[in-house]
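Asker: Take a look at the following structure, please.
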Amino acid sequence: MDKVITRFPPSPTGEIHIGNMRTMLFNYLFARHFNGEIVLRFEDTDKERSKKEFEPFILDGLKAVGLSFDHGPFRQSERNDIHKEKLLELIKKGLAYEAEDSSTGSGKVVRFRNPNKTIIFDDQVRGPISFDSSIFEDFIIARNIDNPIYHFAVVVDDMEMGVTHVIRGEEHLTSTPRQILLLEALGAKVPLYAHLPLIVGDDKKKLSKRHGATSVSGFLSQGYLPEALVNYLAFLGWNPGGEREIYSLEELVDIFDLSRVGKNPAKFDYNKLNDINYHYMINLSDEDYREKLLKFLNEEYTKLFEENVEASNLIIKEVIKTRIKKFADIKTMISEGELDYFFKKPDMNLEIICFKDNSLEKTKETLKITRDVLEKIPEDKWSIDFIKENLNTLFAENGVGAILHPLRVALSGKKQSPDPFTLSYLLGKKEVLERLDATI
RNA sequence: GGCUCUAUCGUCUAACGGUUAGGACAUCAGGUUUUCAUCCUGGAAAUCGGAGUUCGAUUCUCCGUAGAGUCACCA
């Protein structure tokens with residue numbers, strides 16, 4: 001096989017969204033798998049919507065998720081000379097002609113002389129597909145001689161850049177025969193096409209910028225890890241066949257195979273993404289996790305975490321890690337007061353302190369017993385296991401809930417919290433006794 | 001509407017003519033000496049319908065049905 005060359009052809013009309021990213025990812029995986037090369041080309045022939053300012057968004061997005069390219073970035077708009085040359089060539093050969101019916105009045109449009117034949121191409125994911133080209137009639141390929149439309153510009157650029165594989169979304173399927181016709185007229189080698197299944201929303205409609213598509217930067221700012229995003233996106237419409245589903249970008253490159261791309265549209269599933277993201281998060285090193293988490297804390301908690309490094313690391317390990325699926329979830333934990341009680345004494349909450357039907361009096365009594373047991377534990381033995389072990393002796397007589405429920409409420413002010421052993425350990429002996437005394 | 005594509009649990013998917021139709025997410029139940037979360041175990045859950053080909057169809061063919069994409073001087 002010739003050297004594989006694929007392409008990223010985003011139009012710079014805004015942020016790069018999840019559908020674009022998936023297409024680029026597949027182009028990347030395919031090219032890299034065969035040690036091929038990737039061309040990045042901004043498709044900006046629509047002068048109304050394309051803006052140079054959007055280019056960095058796209059470049060940054062690619063960089064953030066680790067997708068590299070080898071050639072470019074090119075701008076379609078800066079390749080006008082070559083487009084015009086090819087346009088004139090077709091006109092000269094009688095394969096295209098200028099016509100008078102410009103609706104915008106900006107000169108003569110250029111139409112392609114349609115040979116009206118059946119086009120058959122072997123789609124790399126869908127198999128043979130055939131179209132009767134006469135339905136397109138003599139379609140327009142340029143607004144005027146200096147101003148080609150997309151279909152013409154892509155075809156010329158792909159040809160000139162030696163693109164061997166065009167991997168794109170299914171929405172381009174019906175424009176493929178037109179492009180093949182142009183390629184044939186230009187005497188170019190027709191690349192192989194692969195049309196990827198669409199990513200759809202809950203309504204089964206194509207995800208697009210104006211329809212539910214979220215930008216890649218949006219996901220990243222929610223605290224989804226790039227690795228997780230890549231991993232999830234790779235599995236939308238493709239899978240390697242086994243039961244494993246966690247793969248790094250490098251591993252995906254190794255095993256990627258276009259023939260295993262599915263044909264049916266894939267619904268974007270946040271639950272699944274969250275799960276994969278959670279998996280990547282808990283496998284982060286402690287330092288890495290902390291560093292990333294800190295970026296999502298508000299001012300108050302950033303300060304608290306930085307002033308209490310050891311304590312906050314314990315809180316991350318024992319409390320936060322199993323409770324958030326993406327880093328931005330920490331904001332919810334904070335706003336719901338799930339972290340408050342580690343740093344300041346809770347409001348006394350006698351309403352909920354009683355276990356089941358126990359009276360307040362009885363509850364205070366058990367808290368006193370609990371306090372006495374805890375007080376006897378030496379500072380240097382203050383560990384989760386040792387606290388548990390000591391409290392154990394109270395359970396048989398009083399019942400587990402009767403001891404632990406009031407203890408939890410006294411320490412946290414909440415009905416739901418991490419287990420009281422962990423809580424006690426995190427707070428430290430002195431603080432625990434103070435909180436118990438305040439309640440009793 | 002024309003053209004094109006698609007059709008397995010709620011979701012993503014596996015099974016390239018023979019399986020008790022598998023896995024993951026979600027969901028439900030139980031367990032981890034109280035709760036939330038995590039973790040473990042288990043359960044429920046699918047081949048769109050109809051013909052054909054075949055000893056045998058999720059798998060091949062055809063017809064329906066349903067959904068989607070596309071029909072720009074947008075990309």
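Naming scheme: A, B, ... for chains in displayed order of the structure tokens; residues 1 onward per chain; ligands 1 onward as shown.
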Please identify every residue of chain A that has at least one atom no farther than 7 Å from an atom of chain B, counting only C-alpha atoms (C1' of nucleotides), and for each give the shortest atom pair and the distance in Å to one decimal, arranged by chain then increasing number, as JSON lines.
Answerer:
```
{"residue": "A:Ser11", "atom": "CA", "partner": "B:A75", "partner_atom": "C1'", "distance": 6.6}
{"residue": "A:Asp46", "atom": "CA", "partner": "B:C74", "partner_atom": "C1'", "distance": 6.8}
{"residue": "A:Ser102", "atom": "CA", "partner": "B:C73", "partner_atom": "C1'", "distance": 6.8}
{"residue": "A:Ala142", "atom": "CA", "partner": "B:C73", "partner_atom": "C1'", "distance": 7.0}
{"residue": "A:Arg143", "atom": "CA", "partner": "B:C73", "partner_atom": "C1'", "distance": 4.7}
{"residue": "A:Tyr150", "atom": "CA", "partner": "B:A75", "partner_atom": "C1'", "distance": 6.5}
{"residue": "A:Glu170", "atom": "CA", "partner": "B:G69", "partner_atom": "C1'", "distance": 6.9}
{"residue": "A:Glu171", "atom": "CA", "partner": "B:G69", "partner_atom": "C1'", "distance": 5.4}
{"residue": "A:Thr174", "atom": "CA", "partner": "B:U70", "partner_atom": "C1'", "distance": 5.9}
{"residue": "A:Leu236", "atom": "CA", "partner": "B:C12", "partner_atom": "C1'", "distance": 6.8}
{"residue": "A:Gly241", "atom": "CA", "partner": "B:A14", "partner_atom": "C1'", "distance": 6.4}
{"residue": "A:Glu243", "atom": "CA", "partner": "B:G23", "partner_atom": "C1'", "distance": 5.6}
{"residue": "A:Lys263", "atom": "CA", "partner": "B:U6", "partner_atom": "C1'", "distance": 6.8}
{"residue": "A:Asn264", "atom": "CA", "partner": "B:U6", "partner_atom": "C1'", "distance": 5.6}
{"residue": "A:Asp269", "atom": "CA", "partner": "B:U11", "partner_atom": "C1'", "distance": 6.6}
{"residue": "A:Asn271", "atom": "CA", "partner": "B:C25", "partner_atom": "C1'", "distance": 6.1}
{"residue": "A:Lys272", "atom": "CA", "partner": "B:C25", "partner_atom": "C1'", "distance": 4.8}
{"residue": "A:Thr322", "atom": "CA", "partner": "B:U38", "partner_atom": "C1'", "distance": 5.1}
{"residue": "A:Arg323", "atom": "CA", "partner": "B:A37", "partner_atom": "C1'", "distance": 5.1}
{"residue": "A:Val400", "atom": "CA", "partner": "B:U34", "partner_atom": "C1'", "distance": 6.0}
{"residue": "A:Gly401", "atom": "CA", "partner": "B:U34", "partner_atom": "C1'", "distance": 4.2}
{"residue": "A:Leu404", "atom": "CA", "partner": "B:U34", "partner_atom": "C1'", "distance": 6.0}
{"residue": "A:His405", "atom": "CA", "partner": "B:U34", "partner_atom": "C1'", "distance": 6.1}
{"residue": "A:Lys415", "atom": "CA", "partner": "B:U35", "partner_atom": "C1'", "distance": 6.5}
{"residue": "A:Gln416", "atom": "CA", "partner": "B:U35", "partner_atom": "C1'", "distance": 5.1}
{"residue": "A:Ser417", "atom": "CA", "partner": "B:C36", "partner_atom": "C1'", "distance": 6.1}
```
Asker: For the residues in the current selection, export N, CA and C atoms as a PDB file, in the first residue's frame.
Answerer:
```pdb
ATOM      1  N   SER A  11     -13.831  23.285   9.683  1.00  0.00           N
ATOM      2  CA  SER A  11     -14.074  24.657   9.240  1.00  0.00           C
ATOM      3  C   SER A  11     -14.032  25.539  10.486  1.00  0.00           C
ATOM      4  N   ASP A  46     -16.135  29.423   3.074  1.00  0.00           N
ATOM      5  CA  ASP A  46     -17.321  30.208   3.410  1.00  0.00           C
ATOM      6  C   ASP A  46     -16.851  31.452   4.171  1.00  0.00           C
ATOM      7  N   SER A 102     -26.266  33.484 -11.994  1.00  0.00           N
ATOM      8  CA  SER A 102     -25.892  33.762 -10.622  1.00  0.00           C
ATOM      9  C   SER A 102     -27.012  34.472  -9.871  1.00  0.00           C
ATOM     10  N   ALA A 142     -18.427  26.526  -8.676  1.00  0.00           N
ATOM     11  CA  ALA A 142     -17.815  27.793  -8.260  1.00  0.00           C
ATOM     12  C   ALA A 142     -18.827  28.927  -8.367  1.00  0.00           C
ATOM     13  N   ARG A 143     -18.761  29.821  -7.396  1.00  0.00           N
ATOM     14  CA  ARG A 143     -19.656  30.990  -7.409  1.00  0.00           C
ATOM     15  C   ARG A 143     -19.306  31.875  -8.591  1.00  0.00           C
ATOM     16  N   TYR A 150     -17.044  24.654  -1.781  1.00  0.00           N
ATOM     17  CA  TYR A 150     -16.407  23.595  -1.015  1.00  0.00           C
ATOM     18  C   TYR A 150     -16.114  22.319  -1.815  1.00  0.00           C
ATOM     19  N   GLU A 170     -21.053  10.389   8.213  1.00  0.00           N
ATOM     20  CA  GLU A 170     -22.010   9.873   7.242  1.00  0.00           C
ATOM     21  C   GLU A 170     -22.749  10.976   6.504  1.00  0.00           C
ATOM     22  N   GLU A 171     -22.783  12.175   7.078  1.00  0.00           N
ATOM     23  CA  GLU A 171     -23.501  13.252   6.398  1.00  0.00           C
ATOM     24  C   GLU A 171     -22.872  13.598   5.048  1.00  0.00           C
ATOM     25  N   THR A 174     -23.661  11.386   0.713  1.00  0.00           N
ATOM     26  CA  THR A 174     -24.329  11.722  -0.554  1.00  0.00           C
ATOM     27  C   THR A 174     -23.560  12.725  -1.407  1.00  0.00           C
ATOM     28  N   LEU A 236     -17.177   4.878  20.332  1.00  0.00           N
ATOM     29  CA  LEU A 236     -18.472   5.271  19.788  1.00  0.00           C
ATOM     30  C   LEU A 236     -18.461   4.933  18.303  1.00  0.00           C
ATOM     31  N   GLY A 241     -13.460  -5.677  19.567  1.00  0.00           N
ATOM     32  CA  GLY A 241     -13.982  -7.030  19.555  1.00  0.00           C
ATOM     33  C   GLY A 241     -13.920  -7.775  20.865  1.00  0.00           C
ATOM     34  N   GLU A 243     -13.521  -7.862  25.263  1.00  0.00           N
ATOM     35  CA  GLU A 243     -14.351  -7.294  26.311  1.00  0.00           C
ATOM     36  C   GLU A 243     -13.665  -6.147  27.037  1.00  0.00           C
ATOM     37  N   LYS A 263     -21.987   0.504  11.659  1.00  0.00           N
ATOM     38  CA  LYS A 263     -22.735   1.240  10.646  1.00  0.00           C
ATOM     39  C   LYS A 263     -23.870   2.056  11.240  1.00  0.00           C
ATOM     40  N   ASN A 264     -24.260   1.757  12.418  1.00  0.00           N
ATOM     41  CA  ASN A 264     -25.416   2.483  12.959  1.00  0.00           C
ATOM     42  C   ASN A 264     -25.029   3.628  13.870  1.00  0.00           C
ATOM     43  N   ASP A 269     -23.613   8.925  25.383  1.00  0.00           N
ATOM     44  CA  ASP A 269     -24.090   8.493  26.704  1.00  0.00           C
ATOM     45  C   ASP A 269     -23.179   9.023  27.824  1.00  0.00           C
ATOM     46  N   ASN A 271     -23.481   8.716  30.992  1.00  0.00           N
ATOM     47  CA  ASN A 271     -23.223   7.745  32.056  1.00  0.00           C
ATOM     48  C   ASN A 271     -21.957   6.952  31.779  1.00  0.00           C
ATOM     49  N   LYS A 272     -21.863   6.525  30.535  1.00  0.00           N
ATOM     50  CA  LYS A 272     -20.711   5.719  30.151  1.00  0.00           C
ATOM     51  C   LYS A 272     -19.432   6.551  30.191  1.00  0.00           C
ATOM     52  N   THR A 322     -13.883   8.634  45.769  1.00  0.00           N
ATOM     53  CA  THR A 322     -14.930   7.709  45.338  1.00  0.00           C
ATOM     54  C   THR A 322     -16.255   8.415  45.089  1.00  0.00           C
ATOM     55  N   ARG A 323     -16.283   9.719  45.298  1.00  0.00           N
ATOM     56  CA  ARG A 323     -17.566  10.395  45.183  1.00  0.00           C
ATOM     57  C   ARG A 323     -17.726  11.292  43.965  1.00  0.00           C
ATOM     58  N   VAL A 400     -25.223  -1.281  66.617  1.00  0.00           N
ATOM     59  CA  VAL A 400     -24.277  -0.519  65.806  1.00  0.00           C
ATOM     60  C   VAL A 400     -24.794   0.882  65.478  1.00  0.00           C
ATOM     61  N   GLY A 401     -26.022   0.904  65.005  1.00  0.00           N
ATOM     62  CA  GLY A 401     -26.594   2.180  64.583  1.00  0.00           C
ATOM     63  C   GLY A 401     -26.730   3.166  65.739  1.00  0.00           C
ATOM     64  N   LEU A 404     -23.168   4.582  66.144  1.00  0.00           N
ATOM     65  CA  LEU A 404     -22.564   5.285  65.013  1.00  0.00           C
ATOM     66  C   LEU A 404     -23.376   6.461  64.475  1.00  0.00           C
ATOM     67  N   HIS A 405     -24.685   6.329  64.500  1.00  0.00           N
ATOM     68  CA  HIS A 405     -25.495   7.432  63.962  1.00  0.00           C
ATOM     69  C   HIS A 405     -25.284   8.735  64.728  1.00  0.00           C
ATOM     70  N   LYS A 415     -26.661  13.627  58.193  1.00  0.00           N
ATOM     71  CA  LYS A 415     -27.150  12.248  58.262  1.00  0.00           C
ATOM     72  C   LYS A 415     -26.307  11.326  57.397  1.00  0.00           C
ATOM     73  N   GLN A 416     -25.702  11.955  56.358  1.00  0.00           N
ATOM     74  CA  GLN A 416     -24.890  11.155  55.461  1.00  0.00           C
ATOM     75  C   GLN A 416     -23.477  11.704  55.421  1.00  0.00           C
ATOM     76  N   SER A 417     -22.552  10.816  55.590  1.00  0.00           N
ATOM     77  CA  SER A 417     -21.151  11.228  55.579  1.00  0.00           C
ATOM     78  C   SER A 417     -20.318   9.973  55.410  1.00  0.00           C
TER      79      SER A 417
END
```
Asker: From a DSSP calculation on the backbone, collect every residue of region 171-318 of chain A in alpha helix (DSSP H) and output the set as number ranges by chain.
Answerer: A: 176-185, 216-221, 226-234, 249-255, 270-282, 286-294, 299-307, 309-315
Asker: Quick one: everything within 8 Å of Phe342 (chain A), counting only C-alpha atoms (C1' of nucleotides), minus sequence neighbours fewer than 4 positions away in the same chain. Send it as a list in words.
Answerer: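 Skipping anything fewer than 4 positions along the chain leaves Ser412, Leu426 and Leu427 of chain A.
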Asker: Can you tell me how far CA of Asp286 (chain A) sits from CA of Pro418 (chain A), in Å to one decimal?
Answerer: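 CA of Pro418 (chain A) lies at a distance of 19.7 Å from CA of Asp286 (chain A).
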Asker: Can you work out the spacing between CA of Pro177 (chain A) and CA of Thr23 (chain A) in Å, to one decimal?
Answerer: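 Straight-line distance from CA of Pro177 (chain A) to CA of Thr23 (chain A) works out to 20.2 Å.
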Asker: Could you tell me how far CA of Glu338 (chain A) lies from CA of Val216 (chain A), in Å and to one decimal?
Answerer: 29.1 Å
Asker: Using only C-alpha atoms (C1' of nucleotides), which protein or nucleic acid residues come within 9 Å of Leu229 (chain A)? Drop anything in the same chain fewer than 5 positions from it, and give the result as a list in words.
Answerer: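 The filter keeps Val65, Val216, Phe219, Leu220, Tyr224, Ala234, Leu273, Ile276 and Asn277 of chain A.
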Asker: Between A:Glu389, A:Asp2, A:Asp347, A:Glu184, single out the one closest to Gly162 (chain A), counting only C-alpha atoms.
Answerer: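 Smallest separation from Gly162 (chain A) among the options: A:Asp2.
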Asker: Determine, counting only C-alpha atoms (C1' of nucleotides), which protein, DNA and RNA residues have an atom within 9 Å of an atom of Arg371 (chain A); residues of the same chain fewer than 5 positions away are not included. Present the result as a PyMOL selection string.
Answerer: chain A and resi 366+376+432-433+436-437
Asker: Would you save the residues of that selection, restricted to N, CA and C atoms, as a tab-separated table (two decimals), in the first residue's frame?
Answerer:
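After the write, again-v7.tsv holds the following:
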```tsv
chain	number	residue	atom	x	y	z
A	366	THR	N	-25.34	7.60	75.23
A	366	THR	CA	-24.46	6.75	74.42
A	366	THR	C	-23.29	7.56	73.87
A	376	LYS	N	-9.78	7.31	75.67
A	376	LYS	CA	-8.75	6.40	76.16
A	376	LYS	C	-7.75	5.99	75.08
A	432	VAL	N	-12.30	15.73	67.72
A	432	VAL	CA	-13.42	14.81	67.93
A	432	VAL	C	-14.00	15.01	69.33
A	433	LEU	N	-13.11	15.05	70.29
A	433	LEU	CA	-13.59	15.21	71.67
A	433	LEU	C	-14.30	16.55	71.85
A	436	LEU	N	-17.75	16.30	70.36
A	436	LEU	CA	-18.64	15.49	71.18
A	436	LEU	C	-19.07	16.27	72.43
A	437	ASP	N	-18.13	16.95	73.04
A	437	ASP	CA	-18.45	17.74	74.23
A	437	ASP	C	-19.49	18.81	73.92
```
Asker: Using only C-alpha atoms (C1' of nucleotides), can you tell me which of B:U41, B:U47, B:U61, B:U54 comes closest to G17 (chain B)?
Answerer: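 When distances to G17 (chain B) are compared using only C-alpha atoms (C1' of nucleotides), the smallest one comes from B:U54.
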